[in-house]
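Each remark here refers to the structure printed beneath this line.
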Amino acid sequence: MKRWGLPLLVFLITLSIFIQYKGPKSDFDLDSFSKIPVVHNGRVKPLDSVARHALIVISGKQAVTIEDHKLQAIPWFLDVVINSKKADQLKVFFIHNPDLKTLVGIKDEKQKFASFMELIGSKEVLKKQAEKARELKDPQRSVYQKALINLYDRLYFYHKLKNSYFREGIPSYSEHFTKMNRLSDEREALVERHGNQKKLTMNDRTLFTFLNHIYKDAQYSASITQFLPFPIKDKESDWMSSGQAIQHYLGSHDLHPLMPPYFALFSAYQSNKFQDFNAAASDILSYFSSHTPTALSRAKYEVLFNKIQPFYKSIILYILSFILVSLSWIFFKGSLYSSSSLFLKWAFAIHTIGLLSRMLLQWRPPVTNLYSSAIFVGWIAVLLGLYLEKHFKNKMGIFISSFIGFLSLIIAHHLSLTGGDTMEMMQAVLDSNFWLSTHVVTITIGYSGTYLAGFLGIVYIFKDKFSAVINDETQKELVKMTFGVVCFSLFFSFVGTVLGGIWADQSWGRFWGWDPKENGALMIVLWCAIMLHARLSGHIRSKGFMVMAVFGNIITSFSWFGVNMLGVGLHSYGFMDSAFMWLFAFTLTQVTIILFGLIPSVKR
């Protein structure tokens with residue numbers, strides 16, 4: 001019993017982390033509705049992902065607290081697309097800039113969120129000032145101007161979201177659908193009578209006016225829709241918007257099979273008839289199950305992925321592992337060490353499941369954008385840390401890999417809150433599975449290695465100043481570990497850089513163009529080579545080698561994030577104030593640690 005007691009305890013703690021907050025009960029089958037597939041940002045995904053993405057864009061969160069009630073993404077999304085007047089009153093627009101608050105008439109300095117109705121009155125002022133601010137390049141814009149543009153874009157995004165299914169403001173979806181069916185039946189005769197200028201009855205005029213309204217509304221919805229809910233002729237690769245489906249129906253009397261259950265669902269939610277809503281949601285899912293089963297299965301899996309949130313769970317387990325291994329140097333050395341090792345392995349397993357799930361959902365390699373690169377960098381670092389721990393058994397592998405795993409997923413979490421789709425692809429010229437599987441993955445593995453070496457260097461420096469905590473044998477092992485990791489990083493960074501040159505030659509017609517991103521990759525290769533040469537030639541000793549490893553963190557961070565914000569080159573993805581500040585802060589800490597490491601140690 002004693003043998004299995006600790007693993008069982010760790011397992012139960014891990015299991016408790018997966019207990020989900022279900023929120024208030026609802027008679028409406030929101031779970032079924034959340035699984036309905038649509039095409040959004042170029043790929044099939046469930047409405048659950050669409051709703052979460054939309055709420056993150058507008059509020060910066062996947063759920064917002066309104067009057068002590070936590071509003072989840074799906075209920076909010078339903079109100080937006082069906083009952084927009086109610087949604088317009090909800091305070092979901094995050095506003096932090098004090099000057100912007102003054103512009104839109106928010107007098108309470110503590111108020112962080114505003115409703116659409118509070119902001120719509122300032123629409124024209126926001127539009128004019130936003131257009132003026134857009135005339136400047138991004139680095140030249142003030143913090144206020146960037147916040148202004150961001151708020152206006154979010155207001156327009158919200159407006160587009162409201163009109164993605166049907167034009168907002170329909171008083172009764174059931175009556176609207178009935179009239180639309182009648183128009184489809186009588187359209188040809190009605191248009192013929194109107195075209196021949198025959199005498200139209202009052203009813204004909206009413207119907208013709210309504211026909212024009214439907215056409216215009218459908219055209220408008222089709223032009224600004226945020227997603228495509230209707231698959232075309234059982235082809236999972238071809239989808240159309242609600243507006244396009246309505247226009248097609250009125251023009252050809254060919255009603256899409258999903259149109260009736262969608263109207264029934266909207267009408268039921270509008271009338272607060274949960275049984276009809278649930279039946280309509282079930283009918284929609286049944287259609288996808290029969291006609292596009294792959295889309296439905298992927299959507300259901302993504303909903304499960306969203307609910308489990310594997311990377312968030314991994315963050316918690318990495319923290320527990322880091323805390324326990326830190327405490328194991330002070331007391332309960334054996335049991336705490338074993339617990340930290342188990343927590344790290346559980347965290348890595350969940351991290352792996354999340355990584356593989358993203359690859360399956362995208363049908364892409366593990367690295368497709370900055371968000372996924374942060375996840376992958378952490379994963380590789382933890383994998384290397386586990387290998388080092390297995391080989392050296394000195395707690396350093398667990399200590400450093402748990403910290404890097406936690407840090408990388410925190411970075412990924414904040415990148416996910418910038419409003420972009422975390423499963424979107426890079427720029428079109430880079431959209432190649434082969435090169436994403438080779439160059440991008442290989443170069444990212446190199447990032448992981450240099451960071452791991454850098455953090456090993458940090459531990460060495462602090463140990464050098466506080467040698468009572470760790471013995472001298474461990475100090476020597478740290479140098480060996482770092483040397484091996486730098487060799488590993490040099491290999492993957494060099495191979496990745498060469499593969500990037502081949503890719504550039506195929507995509508842009510030149511192997512090397514001194515692009516900032518290319519220069520950043522070359523700097524990592526050169527720095528790793530310089531470190532190894534200096535150490536092997538005797539120009540530096542253990543301490544100098546470890547200090548140089550810490551400087552590798554700065555070079556890698558610049559290559560990974562810094563060059564993306566320069567505003568020049570083919571790899572520039574836009575300047576981000578928050579990212580710059582964090583990058584600057586991280587660089588400052590690394591420089592401070594380097595200077596601290598260069599201070600001569602006091603011999604005991």
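Labels for the structure tokens follow display order: chains A, B, ..., residues from 1 in each chain, ligands from 1.
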
Test item: residues at most 10 Å from Trp527 (chain A), only C-alpha atoms, excluding those fewer than 4 positions along its chain, as number ranges by chain: A: 450, 486, 490, 522-523, 531-533, 548-549, 551-552, 555-556

Suppose we keep N, CA and C atoms; can you now write the selection as an mmCIF file, in the first residue's frame?
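Output contents, as saved in again18.cif:
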```cif
data_model
loop_
_atom_site.group_PDB
_atom_site.id
_atom_site.type_symbol
_atom_site.label_atom_id
_atom_site.label_comp_id
_atom_site.auth_asym_id
_atom_site.auth_seq_id
_atom_site.Cartn_x
_atom_site.Cartn_y
_atom_site.Cartn_z
ATOM 1 N N THR A 450 18.325 26.115 -26.753
ATOM 2 C CA THR A 450 19.063 27.283 -26.262
ATOM 3 C C THR A 450 18.449 27.828 -24.982
ATOM 4 N N VAL A 486 23.760 22.493 -25.634
ATOM 5 C CA VAL A 486 24.228 23.473 -26.642
ATOM 6 C C VAL A 486 24.596 22.751 -27.933
ATOM 7 N N LEU A 490 22.857 23.578 -31.432
ATOM 8 C CA LEU A 490 23.625 23.953 -32.621
ATOM 9 C C LEU A 490 23.217 23.106 -33.813
ATOM 10 N N LEU A 522 20.587 32.938 -37.750
ATOM 11 C CA LEU A 522 22.041 32.827 -37.905
ATOM 12 C C LEU A 522 22.760 33.183 -36.607
ATOM 13 N N MET A 523 22.236 34.182 -35.879
ATOM 14 C CA MET A 523 22.844 34.576 -34.607
ATOM 15 C C MET A 523 22.836 33.430 -33.597
ATOM 16 N N MET A 531 30.256 29.540 -28.415
ATOM 17 C CA MET A 531 30.305 28.974 -27.063
ATOM 18 C C MET A 531 31.115 27.683 -27.031
ATOM 19 N N LEU A 532 30.819 26.788 -27.953
ATOM 20 C CA LEU A 532 31.507 25.498 -27.974
ATOM 21 C C LEU A 532 32.989 25.669 -28.319
ATOM 22 N N HIS A 533 33.277 26.546 -29.269
ATOM 23 C CA HIS A 533 34.670 26.784 -29.649
ATOM 24 C C HIS A 533 35.456 27.382 -28.484
ATOM 25 N N MET A 548 27.708 32.659 -20.817
ATOM 26 C CA MET A 548 27.404 32.778 -22.242
ATOM 27 C C MET A 548 26.087 32.076 -22.581
ATOM 28 N N ALA A 549 25.818 30.973 -21.895
ATOM 29 C CA ALA A 549 24.565 30.252 -22.138
ATOM 30 C C ALA A 549 23.360 31.116 -21.778
ATOM 31 N N PHE A 551 23.252 34.371 -21.976
ATOM 32 C CA PHE A 551 23.106 35.366 -23.044
ATOM 33 C C PHE A 551 22.377 34.771 -24.248
ATOM 34 N N GLY A 552 22.466 33.454 -24.406
ATOM 35 C CA GLY A 552 21.725 32.796 -25.480
ATOM 36 C C GLY A 552 20.226 32.992 -25.356
ATOM 37 N N ILE A 555 19.458 36.252 -27.206
ATOM 38 C CA ILE A 555 19.537 36.089 -28.663
ATOM 39 C C ILE A 555 18.330 35.316 -29.189
ATOM 40 N N THR A 556 17.976 34.236 -28.490
ATOM 41 C CA THR A 556 16.845 33.415 -28.936
ATOM 42 C C THR A 556 15.541 34.185 -28.848
#
```

Taking 5 positions as the minimum chain separation for residues in the same chain, which residues sit within 12 Å of Lys476 (chain A) when counting only C-alpha atoms? Answer as a list in words. Phe392, Asn394, Leu456, Gly457, Tyr460, Lys463, Asp464, Ile470, Asn471, Met481, Thr482, Phe483, Arg541, Ser542, Lys543 and Met546 of chain A

If you keep C-alpha atoms, can you produce a file of those selected residues as a short mmCIF file (atom, residue, chain, number, x, y, z; two decimals), in the first residue's frame?
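Done, and the output landed in result_2.cif:
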```cif
data_model
loop_
_atom_site.label_atom_id
_atom_site.label_comp_id
_atom_site.auth_asym_id
_atom_site.auth_seq_id
_atom_site.Cartn_x
_atom_site.Cartn_y
_atom_site.Cartn_z
CA PHE A 392 21.92 12.55 -14.18
CA ASN A 394 20.21 15.36 -9.74
CA LEU A 456 20.78 25.73 -16.76
CA GLY A 457 23.25 28.62 -16.82
CA TYR A 460 24.64 27.48 -12.18
CA LYS A 463 24.44 28.01 -7.20
CA ASP A 464 27.83 29.65 -7.56
CA ILE A 470 23.76 22.38 -4.17
CA ASN A 471 27.00 20.41 -3.97
CA MET A 481 24.29 19.06 -19.17
CA THR A 482 24.60 22.53 -20.68
CA PHE A 483 27.41 21.49 -23.02
CA ARG A 541 36.07 27.98 -18.25
CA SER A 542 32.93 26.56 -16.74
CA LYS A 543 31.65 29.84 -15.31
CA MET A 546 27.45 29.15 -18.31
#
```

May I ask which of the residues A:Ser448, A:Thr438, A:Ser267, A:Thr209 is the closest one to Leu499 (chain A), counting only C-alpha atoms?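 Nearest to Leu499 (chain A): A:Thr438.
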
Find the residue from A:Ile524, A:Ile461, A:Leu384, A:Ile284 that sits nearest to Phe491 (chain A); use only C-alpha atoms when measuring.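 Closest to Phe491 (chain A) of all the choices is A:Ile524.
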
By how many Å are CA of Ser328 (chain A) and CA of Phe399 (chain A) apart? 10.4 Å

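Take CA of Lys313 (chain A) and CA of Val382 (chain A): the distance between them is 15.3 Å.
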
Can you tell me how far CA of Lys395 (chain A) sits from CA of Gly449 (chain A), in Å to one decimal?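 Computing the Euclidean distance for CA of Lys395 (chain A) and CA of Gly449 (chain A) yields 18.2 Å.
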